[in-house]
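Q: Have a peek at model.cif (mmCIF, C-alpha atoms).
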```cif
data_target
#
loop_
_atom_site.group_PDB
_atom_site.id
_atom_site.type_symbol
_atom_site.label_atom_id
_atom_site.label_comp_id
_atom_site.auth_asym_id
_atom_site.auth_seq_id
_atom_site.Cartn_x
_atom_site.Cartn_y
_atom_site.Cartn_z
ATOM 1 C CA MET T 1 -62.422 -129.629 90.854
ATOM 2 C CA ASN T 2 -59.822 -126.838 90.803
ATOM 3 C CA ALA T 3 -60.703 -125.942 94.405
ATOM 4 C CA VAL T 4 -60.337 -129.595 95.453
ATOM 5 C CA LEU T 5 -56.956 -129.892 93.736
ATOM 6 C CA TYR T 6 -55.858 -126.667 95.404
ATOM 7 C CA ALA T 7 -56.915 -127.889 98.870
ATOM 8 C CA VAL T 8 -55.241 -131.293 98.430
ATOM 9 C CA THR T 9 -51.996 -129.652 97.337
ATOM 10 C CA VAL T 10 -51.980 -127.239 100.279
ATOM 11 C CA LEU T 11 -52.769 -129.840 102.945
ATOM 12 C CA ILE T 12 -50.364 -132.499 101.697
ATOM 13 C CA TRP T 13 -47.431 -130.322 100.699
ATOM 14 C CA GLY T 14 -47.845 -128.192 103.797
ATOM 15 C CA SER T 15 -47.154 -131.295 105.870
ATOM 16 C CA THR T 16 -44.225 -132.667 103.868
ATOM 17 C CA TRP T 17 -41.770 -130.138 105.307
ATOM 18 C CA LEU T 18 -42.175 -131.750 108.722
ATOM 19 C CA ALA T 19 -41.926 -135.231 107.192
ATOM 20 C CA ILE T 20 -38.623 -134.333 105.529
ATOM 21 C CA LYS T 21 -37.127 -133.867 109.006
ATOM 22 C CA GLY T 22 -37.633 -137.601 109.548
ATOM 23 C CA GLN T 23 -35.371 -138.272 106.566
ATOM 24 C CA LEU T 24 -32.447 -136.255 107.896
ATOM 25 C CA GLY T 25 -30.490 -138.902 109.762
ATOM 26 C CA GLU T 26 -27.578 -141.177 108.923
ATOM 27 C CA VAL T 27 -28.737 -141.991 105.387
ATOM 28 C CA HIS T 28 -27.338 -139.599 102.806
ATOM 29 C CA PRO T 29 -30.006 -137.131 101.547
ATOM 30 C CA THR T 30 -29.509 -138.115 97.895
ATOM 31 C CA ALA T 31 -30.264 -141.747 98.794
ATOM 32 C CA SER T 32 -33.401 -140.748 100.712
ATOM 33 C CA ILE T 33 -34.656 -138.659 97.796
ATOM 34 C CA ALA T 34 -33.876 -141.473 95.350
ATOM 35 C CA TYR T 35 -35.850 -143.955 97.484
ATOM 36 C CA ARG T 36 -38.771 -141.528 97.635
ATOM 37 C CA PHE T 37 -39.090 -140.949 93.911
ATOM 38 C CA ALA T 38 -38.230 -144.505 92.891
ATOM 39 C CA LEU T 39 -41.180 -145.744 94.951
ATOM 40 C CA ALA T 40 -43.422 -142.959 93.656
ATOM 41 C CA ALA T 41 -42.437 -143.688 90.027
ATOM 42 C CA VAL T 42 -43.219 -147.397 90.434
ATOM 43 C CA LEU T 43 -46.639 -146.570 91.893
ATOM 44 C CA LEU T 44 -47.539 -144.067 89.165
ATOM 45 C CA LEU T 45 -46.290 -146.077 86.186
ATOM 46 C CA GLY T 46 -47.699 -149.294 87.673
ATOM 47 C CA TRP T 47 -51.095 -147.616 87.986
ATOM 48 C CA ALA T 48 -50.873 -146.434 84.377
ATOM 49 C CA LEU T 49 -49.979 -149.965 83.258
ATOM 50 C CA LEU T 50 -52.904 -151.523 85.151
ATOM 51 C CA ARG T 51 -55.303 -149.012 83.607
ATOM 52 C CA GLY T 52 -53.950 -149.650 80.120
ATOM 53 C CA LEU T 53 -52.761 -146.050 79.676
ATOM 54 C CA PRO T 54 -50.230 -145.377 76.894
ATOM 55 C CA LEU T 55 -46.638 -145.611 78.100
ATOM 56 C CA ARG T 56 -44.704 -145.460 74.823
ATOM 57 C CA TYR T 57 -43.482 -142.017 73.789
ATOM 58 C CA PRO T 58 -40.871 -140.838 71.264
ATOM 59 C CA LEU T 59 -37.360 -139.888 72.297
ATOM 60 C CA ARG T 60 -38.059 -136.138 72.124
ATOM 61 C CA VAL T 61 -40.823 -136.551 74.717
ATOM 62 C CA HIS T 62 -38.512 -138.582 76.959
ATOM 63 C CA ARG T 63 -36.047 -135.702 76.788
ATOM 64 C CA GLN T 64 -38.787 -133.492 78.255
ATOM 65 C CA PHE T 65 -39.455 -136.094 80.947
ATOM 66 C CA ALA T 66 -35.740 -136.206 81.796
ATOM 67 C CA LEU T 67 -35.512 -132.411 82.011
ATOM 68 C CA MET T 68 -38.623 -132.302 84.181
ATOM 69 C CA GLY T 69 -37.130 -134.983 86.450
ATOM 70 C CA THR T 70 -33.876 -133.073 86.726
ATOM 71 C CA LEU T 71 -35.628 -129.870 87.749
ATOM 72 C CA MET T 72 -38.583 -131.084 89.837
ATOM 73 C CA PHE T 73 -37.644 -134.493 91.250
ATOM 74 C CA SER T 74 -33.948 -134.408 92.032
ATOM 75 C CA THR T 75 -31.894 -131.201 91.976
ATOM 76 C CA ASN T 76 -34.442 -129.023 93.766
ATOM 77 C CA PHE T 77 -35.066 -131.584 96.507
ATOM 78 C CA VAL T 78 -31.354 -132.003 97.175
ATOM 79 C CA CYS T 79 -31.303 -128.254 97.824
ATOM 80 C CA PHE T 80 -34.345 -128.426 100.122
ATOM 81 C CA TYR T 81 -33.100 -131.425 102.127
ATOM 82 C CA TYR T 82 -29.751 -129.747 102.751
ATOM 83 C CA ALA T 83 -31.472 -126.426 103.510
ATOM 84 C CA GLU T 84 -33.401 -128.085 106.340
ATOM 85 C CA GLN T 85 -30.068 -129.005 107.924
ATOM 86 C CA HIS T 86 -29.401 -125.276 108.359
ATOM 87 C CA LEU T 87 -32.872 -123.732 108.759
ATOM 88 C CA ALA T 88 -36.102 -124.383 110.598
ATOM 89 C CA THR T 89 -38.769 -126.255 108.650
ATOM 90 C CA GLY T 90 -41.138 -123.283 108.677
ATOM 91 C CA LEU T 91 -38.566 -120.896 107.246
ATOM 92 C CA VAL T 92 -37.719 -123.257 104.386
ATOM 93 C CA SER T 93 -41.426 -123.450 103.531
ATOM 94 C CA VAL T 94 -41.600 -119.650 103.568
ATOM 95 C CA ILE T 95 -38.709 -119.389 101.117
ATOM 96 C CA PHE T 96 -40.308 -122.015 98.887
ATOM 97 C CA ALA T 97 -43.451 -119.881 98.870
ATOM 98 C CA MET T 98 -41.409 -117.372 96.866
ATOM 99 C CA SER T 99 -42.201 -119.664 93.923
ATOM 100 C CA LEU T 100 -45.385 -117.626 93.775
ATOM 101 C CA LEU T 101 -43.466 -114.569 92.538
ATOM 102 C CA VAL T 102 -41.058 -116.602 90.420
ATOM 103 C CA ASN T 103 -43.914 -118.320 88.595
ATOM 104 C CA ILE T 104 -45.545 -114.952 87.949
ATOM 105 C CA ALA T 105 -42.259 -113.689 86.485
ATOM 106 C CA PHE T 106 -41.834 -116.851 84.400
ATOM 107 C CA ALA T 107 -45.406 -116.526 83.074
ATOM 108 C CA ARG T 108 -44.410 -113.132 81.729
ATOM 109 C CA LEU T 109 -40.981 -114.261 80.481
ATOM 110 C CA PHE T 110 -41.814 -117.598 78.859
ATOM 111 C CA HIS T 111 -45.501 -117.223 77.981
ATOM 112 C CA ARG T 112 -45.618 -113.436 77.438
ATOM 113 C CA ARG T 113 -48.715 -113.263 79.594
ATOM 114 C CA THR T 114 -49.944 -110.121 81.321
ATOM 115 C CA ILE T 115 -50.608 -110.334 85.045
ATOM 116 C CA ALA T 116 -53.885 -108.999 86.437
ATOM 117 C CA PRO T 117 -53.491 -106.318 89.171
ATOM 118 C CA ARG T 118 -55.477 -108.497 91.583
ATOM 119 C CA VAL T 119 -52.838 -111.220 91.267
ATOM 120 C CA LEU T 120 -50.019 -108.846 92.211
ATOM 121 C CA VAL T 121 -51.980 -107.334 95.114
ATOM 122 C CA GLY T 122 -52.824 -110.771 96.509
ATOM 123 C CA ALA T 123 -49.216 -111.894 96.184
ATOM 124 C CA ALA T 124 -47.965 -108.828 98.051
ATOM 125 C CA ILE T 125 -50.465 -109.326 100.896
ATOM 126 C CA GLY T 126 -49.642 -113.019 101.207
ATOM 127 C CA LEU T 127 -45.883 -112.451 101.280
ATOM 128 C CA LEU T 128 -46.320 -109.662 103.845
ATOM 129 C CA GLY T 129 -48.207 -112.142 105.994
ATOM 130 C CA MET T 130 -45.419 -114.728 105.740
ATOM 131 C CA GLY T 131 -42.825 -112.122 106.627
ATOM 132 C CA THR T 132 -44.910 -111.140 109.657
ATOM 133 C CA VAL T 133 -45.207 -114.714 110.913
ATOM 134 C CA PHE T 134 -41.510 -115.514 110.544
ATOM 135 C CA TRP T 135 -40.045 -112.094 111.280
ATOM 136 C CA SER T 136 -38.239 -113.229 114.437
ATOM 137 C CA GLU T 137 -36.442 -116.008 112.545
ATOM 138 C CA LEU T 138 -35.587 -113.696 109.680
ATOM 139 C CA THR T 139 -33.934 -111.228 112.090
ATOM 140 C CA ARG T 140 -31.698 -113.917 113.642
ATOM 141 C CA LEU T 141 -29.874 -114.982 110.496
ATOM 142 C CA SER T 142 -26.280 -116.210 110.706
ATOM 143 C CA SER T 143 -23.737 -117.672 108.298
ATOM 144 C CA GLU T 144 -25.385 -121.040 108.921
ATOM 145 C CA SER T 145 -28.765 -119.565 108.043
ATOM 146 C CA GLY T 146 -27.256 -117.887 104.985
ATOM 147 C CA ARG T 147 -26.242 -121.257 103.535
ATOM 148 C CA GLY T 148 -29.720 -122.602 104.185
ATOM 149 C CA ILE T 149 -31.379 -119.603 102.543
ATOM 150 C CA THR T 150 -29.140 -119.896 99.467
ATOM 151 C CA LEU T 151 -29.964 -123.585 99.103
ATOM 152 C CA ALA T 152 -33.695 -123.011 99.591
ATOM 153 C CA LEU T 153 -33.763 -120.163 97.062
ATOM 154 C CA THR T 154 -31.847 -122.270 94.526
ATOM 155 C CA GLY T 155 -34.267 -125.171 95.002
ATOM 156 C CA THR T 156 -37.226 -122.841 94.547
ATOM 157 C CA LEU T 157 -35.849 -121.375 91.306
ATOM 158 C CA VAL T 158 -35.122 -124.840 89.900
ATOM 159 C CA PHE T 159 -38.606 -126.050 90.870
ATOM 160 C CA CYS T 160 -40.204 -123.132 89.014
ATOM 161 C CA LEU T 161 -38.205 -123.936 85.882
ATOM 162 C CA GLY T 162 -39.637 -127.445 86.198
ATOM 163 C CA ASN T 163 -43.111 -125.894 86.260
ATOM 164 C CA VAL T 164 -42.415 -124.383 82.840
ATOM 165 C CA VAL T 165 -41.375 -127.775 81.430
ATOM 166 C CA SER T 166 -44.385 -129.527 82.959
ATOM 167 C CA GLY T 167 -46.759 -126.914 81.576
ATOM 168 C CA ARG T 168 -45.371 -127.390 78.070
ATOM 169 C CA THR T 169 -45.563 -131.171 78.431
ATOM 170 C CA GLN T 170 -49.232 -131.006 79.377
ATOM 171 C CA ALA T 171 -49.896 -128.515 76.587
ATOM 172 C CA ALA T 172 -48.523 -131.137 74.178
ATOM 173 C CA GLY T 173 -51.225 -133.550 75.381
ATOM 174 C CA ILE T 174 -49.108 -135.765 77.670
ATOM 175 C CA PRO T 175 -51.213 -136.855 80.707
ATOM 176 C CA VAL T 176 -50.015 -135.988 84.209
ATOM 177 C CA VAL T 177 -49.763 -139.593 85.451
ATOM 178 C CA GLN T 178 -47.373 -140.742 82.722
ATOM 179 C CA SER T 179 -45.300 -137.556 82.575
ATOM 180 C CA THR T 180 -44.900 -137.408 86.356
ATOM 181 C CA GLY T 181 -44.083 -141.108 86.648
ATOM 182 C CA TYR T 182 -41.421 -140.983 83.954
ATOM 183 C CA ALA T 183 -39.993 -137.712 85.290
ATOM 184 C CA MET T 184 -39.688 -139.214 88.786
ATOM 185 C CA ALA T 185 -37.932 -142.246 87.298
ATOM 186 C CA TYR T 186 -35.434 -140.017 85.492
ATOM 187 C CA GLY T 187 -34.915 -138.003 88.661
ATOM 188 C CA THR T 188 -34.122 -141.244 90.504
ATOM 189 C CA LEU T 189 -31.632 -142.290 87.810
ATOM 190 C CA LEU T 190 -29.880 -138.936 88.112
ATOM 191 C CA LEU T 191 -29.603 -139.189 91.898
ATOM 192 C CA THR T 192 -28.481 -142.826 92.119
ATOM 193 C CA PRO T 193 -24.787 -142.293 91.158
ATOM 194 C CA PHE T 194 -24.514 -139.429 93.674
ATOM 195 C CA ALA T 195 -26.100 -141.581 96.379
ATOM 196 C CA LEU T 196 -23.648 -144.410 95.662
ATOM 197 C CA PHE T 197 -20.612 -142.114 95.532
ATOM 198 C CA PHE T 198 -21.372 -139.818 98.495
ATOM 199 C CA GLY T 199 -23.450 -142.133 100.667
ATOM 200 C CA GLY T 200 -20.770 -143.356 103.052
ATOM 201 C CA GLY T 201 -23.206 -144.099 105.874
ATOM 202 C CA PRO T 202 -25.884 -146.779 106.153
ATOM 203 C CA ALA T 203 -27.979 -147.415 103.062
ATOM 204 C CA PHE T 204 -31.239 -147.443 105.015
ATOM 205 C CA GLU T 205 -32.582 -146.755 108.501
ATOM 206 C CA PRO T 206 -35.076 -149.450 109.581
ATOM 207 C CA THR T 207 -36.722 -147.120 112.082
ATOM 208 C CA LEU T 208 -40.372 -146.122 112.331
ATOM 209 C CA ALA T 209 -39.536 -142.422 111.920
ATOM 210 C CA TYR T 210 -37.443 -142.890 108.781
ATOM 211 C CA THR T 211 -39.579 -145.564 107.110
ATOM 212 C CA GLY T 212 -42.857 -143.858 107.989
ATOM 213 C CA SER T 213 -41.745 -140.461 106.720
ATOM 214 C CA LEU T 214 -40.369 -142.075 103.531
ATOM 215 C CA LEU T 215 -43.683 -143.809 102.791
ATOM 216 C CA TYR T 216 -45.632 -140.632 103.517
ATOM 217 C CA LEU T 217 -43.395 -138.534 101.262
ATOM 218 C CA ALA T 218 -43.518 -141.099 98.450
ATOM 219 C CA VAL T 219 -47.254 -141.876 98.476
ATOM 220 C CA PHE T 220 -48.838 -138.653 99.671
ATOM 221 C CA GLY T 221 -46.189 -135.989 99.092
ATOM 222 C CA SER T 222 -45.084 -137.307 95.685
ATOM 223 C CA VAL T 223 -47.790 -139.422 94.034
ATOM 224 C CA ILE T 224 -50.892 -137.628 95.311
ATOM 225 C CA GLY T 225 -49.413 -134.185 95.998
ATOM 226 C CA PHE T 226 -47.542 -133.774 92.726
ATOM 227 C CA SER T 227 -50.392 -135.262 90.686
ATOM 228 C CA ALA T 228 -52.808 -132.755 92.209
ATOM 229 C CA TYR T 229 -50.422 -129.809 91.796
ATOM 230 C CA LEU T 230 -49.387 -130.590 88.226
ATOM 231 C CA THR T 231 -52.999 -131.193 87.206
ATOM 232 C CA LEU T 232 -53.893 -127.836 88.727
ATOM 233 C CA LEU T 233 -50.929 -126.259 86.923
ATOM 234 C CA GLY T 234 -52.219 -127.555 83.596
ATOM 235 C CA ARG T 235 -55.736 -126.287 84.297
ATOM 236 C CA ILE T 236 -55.116 -122.768 85.620
ATOM 237 C CA GLY T 237 -51.440 -122.023 84.903
ATOM 238 C CA ALA T 238 -48.271 -122.095 86.995
ATOM 239 C CA GLU T 239 -48.560 -118.568 88.380
ATOM 240 C CA ARG T 240 -52.044 -119.276 89.799
ATOM 241 C CA ALA T 241 -51.332 -122.825 90.947
ATOM 242 C CA ALA T 242 -48.390 -121.408 92.925
ATOM 243 C CA TYR T 243 -50.826 -119.639 95.258
ATOM 244 C CA ALA T 244 -51.087 -122.977 97.028
ATOM 245 C CA THR T 245 -47.569 -122.297 98.334
ATOM 246 C CA VAL T 246 -48.776 -119.217 100.197
ATOM 247 C CA LEU T 247 -50.758 -121.444 102.574
ATOM 248 C CA PHE T 248 -47.953 -123.957 103.183
ATOM 249 C CA PRO T 249 -46.532 -122.006 106.159
ATOM 250 C CA VAL T 250 -49.982 -121.920 107.794
ATOM 251 C CA VAL T 251 -50.215 -125.719 107.616
ATOM 252 C CA ALA T 252 -46.644 -125.987 108.919
ATOM 253 C CA LEU T 253 -47.523 -123.723 111.852
ATOM 254 C CA ILE T 254 -50.591 -125.792 112.731
ATOM 255 C CA LEU T 255 -48.550 -128.992 112.684
ATOM 256 C CA SER T 256 -45.878 -127.345 114.836
ATOM 257 C CA THR T 257 -48.611 -126.367 117.296
ATOM 258 C CA VAL T 258 -49.808 -129.970 117.546
ATOM 259 C CA TYR T 259 -46.498 -131.849 117.455
ATOM 260 C CA GLU T 260 -43.904 -129.315 118.638
ATOM 261 C CA ASN T 261 -45.934 -127.337 121.227
ATOM 262 C CA LEU T 262 -45.640 -124.094 119.285
ATOM 263 C CA HIS T 263 -47.292 -121.149 121.059
ATOM 264 C CA TRP T 264 -49.056 -118.604 118.852
ATOM 265 C CA SER T 265 -48.365 -114.917 119.373
ATOM 266 C CA GLY T 266 -50.337 -111.914 118.222
ATOM 267 C CA ARG T 267 -47.868 -111.496 115.360
ATOM 268 C CA ASP T 268 -48.498 -115.102 114.267
ATOM 269 C CA LEU T 269 -52.246 -114.539 114.186
ATOM 270 C CA ALA T 270 -51.899 -111.241 112.299
ATOM 271 C CA GLY T 271 -49.576 -112.791 109.726
ATOM 272 C CA THR T 272 -51.863 -115.784 109.227
ATOM 273 C CA ALA T 273 -54.797 -113.431 108.657
ATOM 274 C CA LEU T 274 -52.798 -111.583 105.991
ATOM 275 C CA ILE T 275 -51.894 -114.866 104.279
ATOM 276 C CA LEU T 276 -55.554 -115.903 104.130
ATOM 277 C CA LEU T 277 -56.543 -112.447 102.912
ATOM 278 C CA GLY T 278 -53.987 -112.607 100.111
ATOM 279 C CA ASN T 279 -55.422 -115.927 98.970
ATOM 280 C CA ALA T 280 -58.944 -114.543 99.122
ATOM 281 C CA VAL T 281 -57.988 -111.569 96.944
ATOM 282 C CA VAL T 282 -56.739 -113.912 94.232
ATOM 283 C CA LEU T 283 -59.036 -116.904 94.465
ATOM 284 C CA THR T 284 -62.487 -115.444 95.113
ATOM 285 C CA SER T 285 -62.828 -114.493 91.439
ATOM 286 C CA PRO T 286 -64.267 -117.470 89.494
ATOM 287 C CA ALA T 287 -62.259 -116.415 86.437
ATOM 288 C CA LEU T 288 -59.010 -117.209 88.226
ATOM 289 C CA LEU T 289 -60.005 -120.823 88.863
ATOM 290 C CA ARG T 290 -61.272 -121.362 85.349
ATOM 291 C CA ARG T 291 -59.582 -123.825 83.035
ATOM 292 C CA GLN T 292 -56.985 -122.307 80.705
ATOM 293 C CA PRO T 293 -58.565 -121.533 77.292
ATOM 294 C CA ALA T 294 -57.713 -123.971 74.548
ATOM 295 C CA PRO T 295 -55.762 -122.747 71.511
ATOM 296 C CA GLY T 296 -58.011 -120.641 69.338
ATOM 297 C CA GLU T 297 -60.477 -119.839 72.111
ATOM 298 C CA ARG T 298 -61.087 -116.251 73.143
ATOM 299 C CA ARG T 299 -58.889 -115.309 76.117
ATOM 300 C CA LYS T 300 -60.006 -113.409 79.176
ATOM 301 C CA PRO T 301 -58.491 -109.944 79.793
ATOM 302 C CA ASP T 302 -55.985 -111.162 82.399
ATOM 303 C CA MET T 303 -54.830 -113.886 80.018
ATOM 304 C CA GLU T 304 -54.219 -111.720 76.950
ATOM 305 C CA PRO T 305 -50.820 -112.368 75.361
ATOM 306 C CA ILE T 306 -48.490 -109.395 75.083
ATOM 307 C CA ASN T 307 -48.113 -108.115 71.541
#
```
Do you think you could lay out the structure here as C-alpha cells?

A:
Amino acid sequence: MNAVLYAVTVLIWGSTWLAIKGQLGEVHPTASIAYRFALAAVLLLGWALLRGLPLRYPLRVHRQFALMGTLMFSTNFVCFYYAEQHLATGLVSVIFAMSLLVNIAFARLFHRRTIAPRVLVGAAIGLLGMGTVFWSELTRLSSESGRGITLALTGTLVFCLGNVVSGRTQAAGIPVVQSTGYAMAYGTLLLTPFALFFGGGPAFEPTLAYTGSLLYLAVFGSVIGFSAYLTLLGRIGAERAAYATVLFPVVALILSTVYENLHWSGRDLAGTALILLGNAVVLTSPALLRRQPAPGERRKPDMEPIN
C-alpha cells in the first residue's frame, strides 16, 4: 500500500505543475486557487458525509485544520502560482523537491528523530541528479528568475511546516479525509478576501484550457493527490514521504517531451539516472516503507528518538 500511495503521489503531483500553467491567465491567481480548493473541499467533505464519517470536532481541532489550511492549501500555492510567472515549470518543481531536505531537517527539529545515513546519501544523489538535469536553467538566472526562486523557496518552506501540522493531526487520530477537507475549506476562506480585493480581472475563464486544468487540479491534484500524500506521510513520516518529490521533475520532463517537444540530451539522461538511483538507495529497504511504530512499540534504529 505504501508503494501504491508513493506512485500515485509522484504521477499525479508530477503532472500538476504543467496543469498550473493553464490557470495563469486573466483570472487572478488567488481566485484560481480558491476555486480549486473550494471544489476539492466540497468533494472530500461530501464524500465523508455520504459515508457517515464523523465531521464534528472541537474548536482546538479546528484550529489545527485552519493552520494546516493556511500552510498547505493557500499561502504556499500563492507562492507557487506566482513563481511560475517568473520560472519554467520544471525549475519550480525542482525547487519544490527541496522539501525533501527541509522535511528531514524538520524531522530532527520537531520530532528529535535521527536520520539514517542511507537517507542522507539517497537525498544527496537525488538532488545531484536534479541539478544535473536543470543545470542550464540554473546558470541563466536573472532578476526575474531570482523573484521566482524566492517565491518557490518560500512556498516550499511553508508547505513543509504544513507537513508538521498534518503529521500531528493524524497522530491525534484525525482521519485524512476529514482533516484535508476541512483544511482545504479554511484555505479557501483565507484566500477569498484576497481574491475579491485584488482580482480586478474576470472572475472566471470559460475556456477548455482553464476549466479543464482547474478540474484536474481540484479532483486529481488536490483530492486524490493530497489524500495519497498525507496518508503516506502518516504511515512513514514526512521526511520519507517527501522522497516522492524527487521524482516530480522526471514526470515533468516526460510530459514536456510529449506536449512541448522537449529533446533529451545526455545530461538529461544522466541526471534522470541519478534521480532514480537516489530513490532506489532510500526505498529499496523494506524498513523505510514500514508503517510508523505506534506509541509504546519498539522503534527501529533509524527511528530512535534523540536523548

Q: Written as an mmCIF file with C-alpha atoms, keeping the file's coordinate frame, what is the full residue list that the PyMOL selection byres ((chain T and resi 55) around 12) yields on the file shown?

A:
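Listed below is the output, out.cif:
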```cif
data_model
loop_
_atom_site.group_PDB
_atom_site.id
_atom_site.type_symbol
_atom_site.label_atom_id
_atom_site.label_comp_id
_atom_site.auth_asym_id
_atom_site.auth_seq_id
_atom_site.Cartn_x
_atom_site.Cartn_y
_atom_site.Cartn_z
ATOM 1 C CA LEU T 44 -47.539 -144.067 89.165
ATOM 2 C CA LEU T 45 -46.290 -146.077 86.186
ATOM 3 C CA GLY T 46 -47.699 -149.294 87.673
ATOM 4 C CA TRP T 47 -51.095 -147.616 87.986
ATOM 5 C CA ALA T 48 -50.873 -146.434 84.377
ATOM 6 C CA LEU T 49 -49.979 -149.965 83.258
ATOM 7 C CA LEU T 50 -52.904 -151.523 85.151
ATOM 8 C CA ARG T 51 -55.303 -149.012 83.607
ATOM 9 C CA GLY T 52 -53.950 -149.650 80.120
ATOM 10 C CA LEU T 53 -52.761 -146.050 79.676
ATOM 11 C CA PRO T 54 -50.230 -145.377 76.894
ATOM 12 C CA ARG T 56 -44.704 -145.460 74.823
ATOM 13 C CA TYR T 57 -43.482 -142.017 73.789
ATOM 14 C CA PRO T 58 -40.871 -140.838 71.264
ATOM 15 C CA VAL T 61 -40.823 -136.551 74.717
ATOM 16 C CA HIS T 62 -38.512 -138.582 76.959
ATOM 17 C CA ILE T 174 -49.108 -135.765 77.670
ATOM 18 C CA PRO T 175 -51.213 -136.855 80.707
ATOM 19 C CA VAL T 176 -50.015 -135.988 84.209
ATOM 20 C CA VAL T 177 -49.763 -139.593 85.451
ATOM 21 C CA GLN T 178 -47.373 -140.742 82.722
ATOM 22 C CA SER T 179 -45.300 -137.556 82.575
ATOM 23 C CA THR T 180 -44.900 -137.408 86.356
ATOM 24 C CA GLY T 181 -44.083 -141.108 86.648
ATOM 25 C CA TYR T 182 -41.421 -140.983 83.954
#
```

Q: When you draw a straight line from atom CA of T:Pro117 to atom CA of T:Val281, how long is it in Å?

A: 10.4 Å

Q: Return as a tab-separated table the residues of stretch 235-280 of chain T lying at most 10 Å from stretch 129-147 of chain T, together with the closest atom-to-atom pair for each and the distance in Å to one decimal, counting only C-alpha atoms, with rows in chain order and ascending residue number.

A:
```
residue	atom	partner	partner_atom	distance
T:Val246	CA	T:Met130	CA	7.9
T:Leu247	CA	T:Met130	CA	9.1
T:Phe248	CA	T:Met130	CA	9.9
T:Pro249	CA	T:Met130	CA	7.4
T:Val250	CA	T:Met130	CA	8.8
T:Leu253	CA	T:Val133	CA	9.3
T:Trp264	CA	T:Val133	CA	9.6
T:Ser265	CA	T:Val133	CA	9.0
T:Gly266	CA	T:Val133	CA	9.4
T:Arg267	CA	T:Val133	CA	6.1
T:Asp268	CA	T:Val133	CA	4.7
T:Leu269	CA	T:Val133	CA	7.8
T:Ala270	CA	T:Gly129	CA	7.4
T:Gly271	CA	T:Gly129	CA	4.0
T:Thr272	CA	T:Gly129	CA	6.1
T:Ala273	CA	T:Gly129	CA	7.2
T:Leu274	CA	T:Gly129	CA	4.6
T:Ile275	CA	T:Gly129	CA	4.9
T:Leu276	CA	T:Gly129	CA	8.5
T:Leu277	CA	T:Gly129	CA	8.9
T:Gly278	CA	T:Gly129	CA	8.3
```

Q: May I ask for the distance between atom CA of T:Pro202 and atom CA of T:Ala31, given in Å to one decimal place?

A: 9.9 Å

Q: Which residues, written as a ChimeraX atom specification, have at least one atom at most 12 Å from T:Leu196, with all atoms listed in the file counted and residues fewer than 2 positions away on the same chain left out?

A: /T:27-32,34,189-194,198-203

Q: Please measure the separation of atom CA of T:Phe159 and atom CA of T:Thr211, giving the value in Å to one decimal.

A: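 These two atoms are separated by 25.4 Å.
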
Q: Closest to T:Gln170 among T:Leu233, T:Ala40, T:Val92, T:Leu214, using only C-alpha atoms?

A: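 Comparing T:Leu233, T:Ala40, T:Val92, T:Leu214 against T:Gln170, the winner is T:Leu233.
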
Q: Could you check the closest approach to T:Ala183 for each of T:Val251, T:Ala241, T:Ala38, T:Ile33 and tell me which residue wins, using only C-alpha atoms?

A: T:Ala38

Q: When the PyMOL selection byres ((chain T and resi 75) around 10) is applied to the structure above, which residues does it catch, written out as a PyMOL selection string?

A: chain T and resi 30+33+69-74+76-80+154-155+158-159+187+190-191

Q: List the residues matched by the PyMOL selection byres ((chain T and resi 18) around 10) in the displayed structure as a ChimeraX atom specification, ordered by chain and then by residue number.

A: /T:13-17,19-23,84,88-90,93,213,252,255-256,259

Q: Find the residues around T:Phe110 up to 12 Å (all atoms listed in the file counted), leave out those fewer than 5 positions away in its own chain, and share them as a ChimeraX atom specification.

A: /T:102-105,160-161,163-165,167-168,238-239,305-306
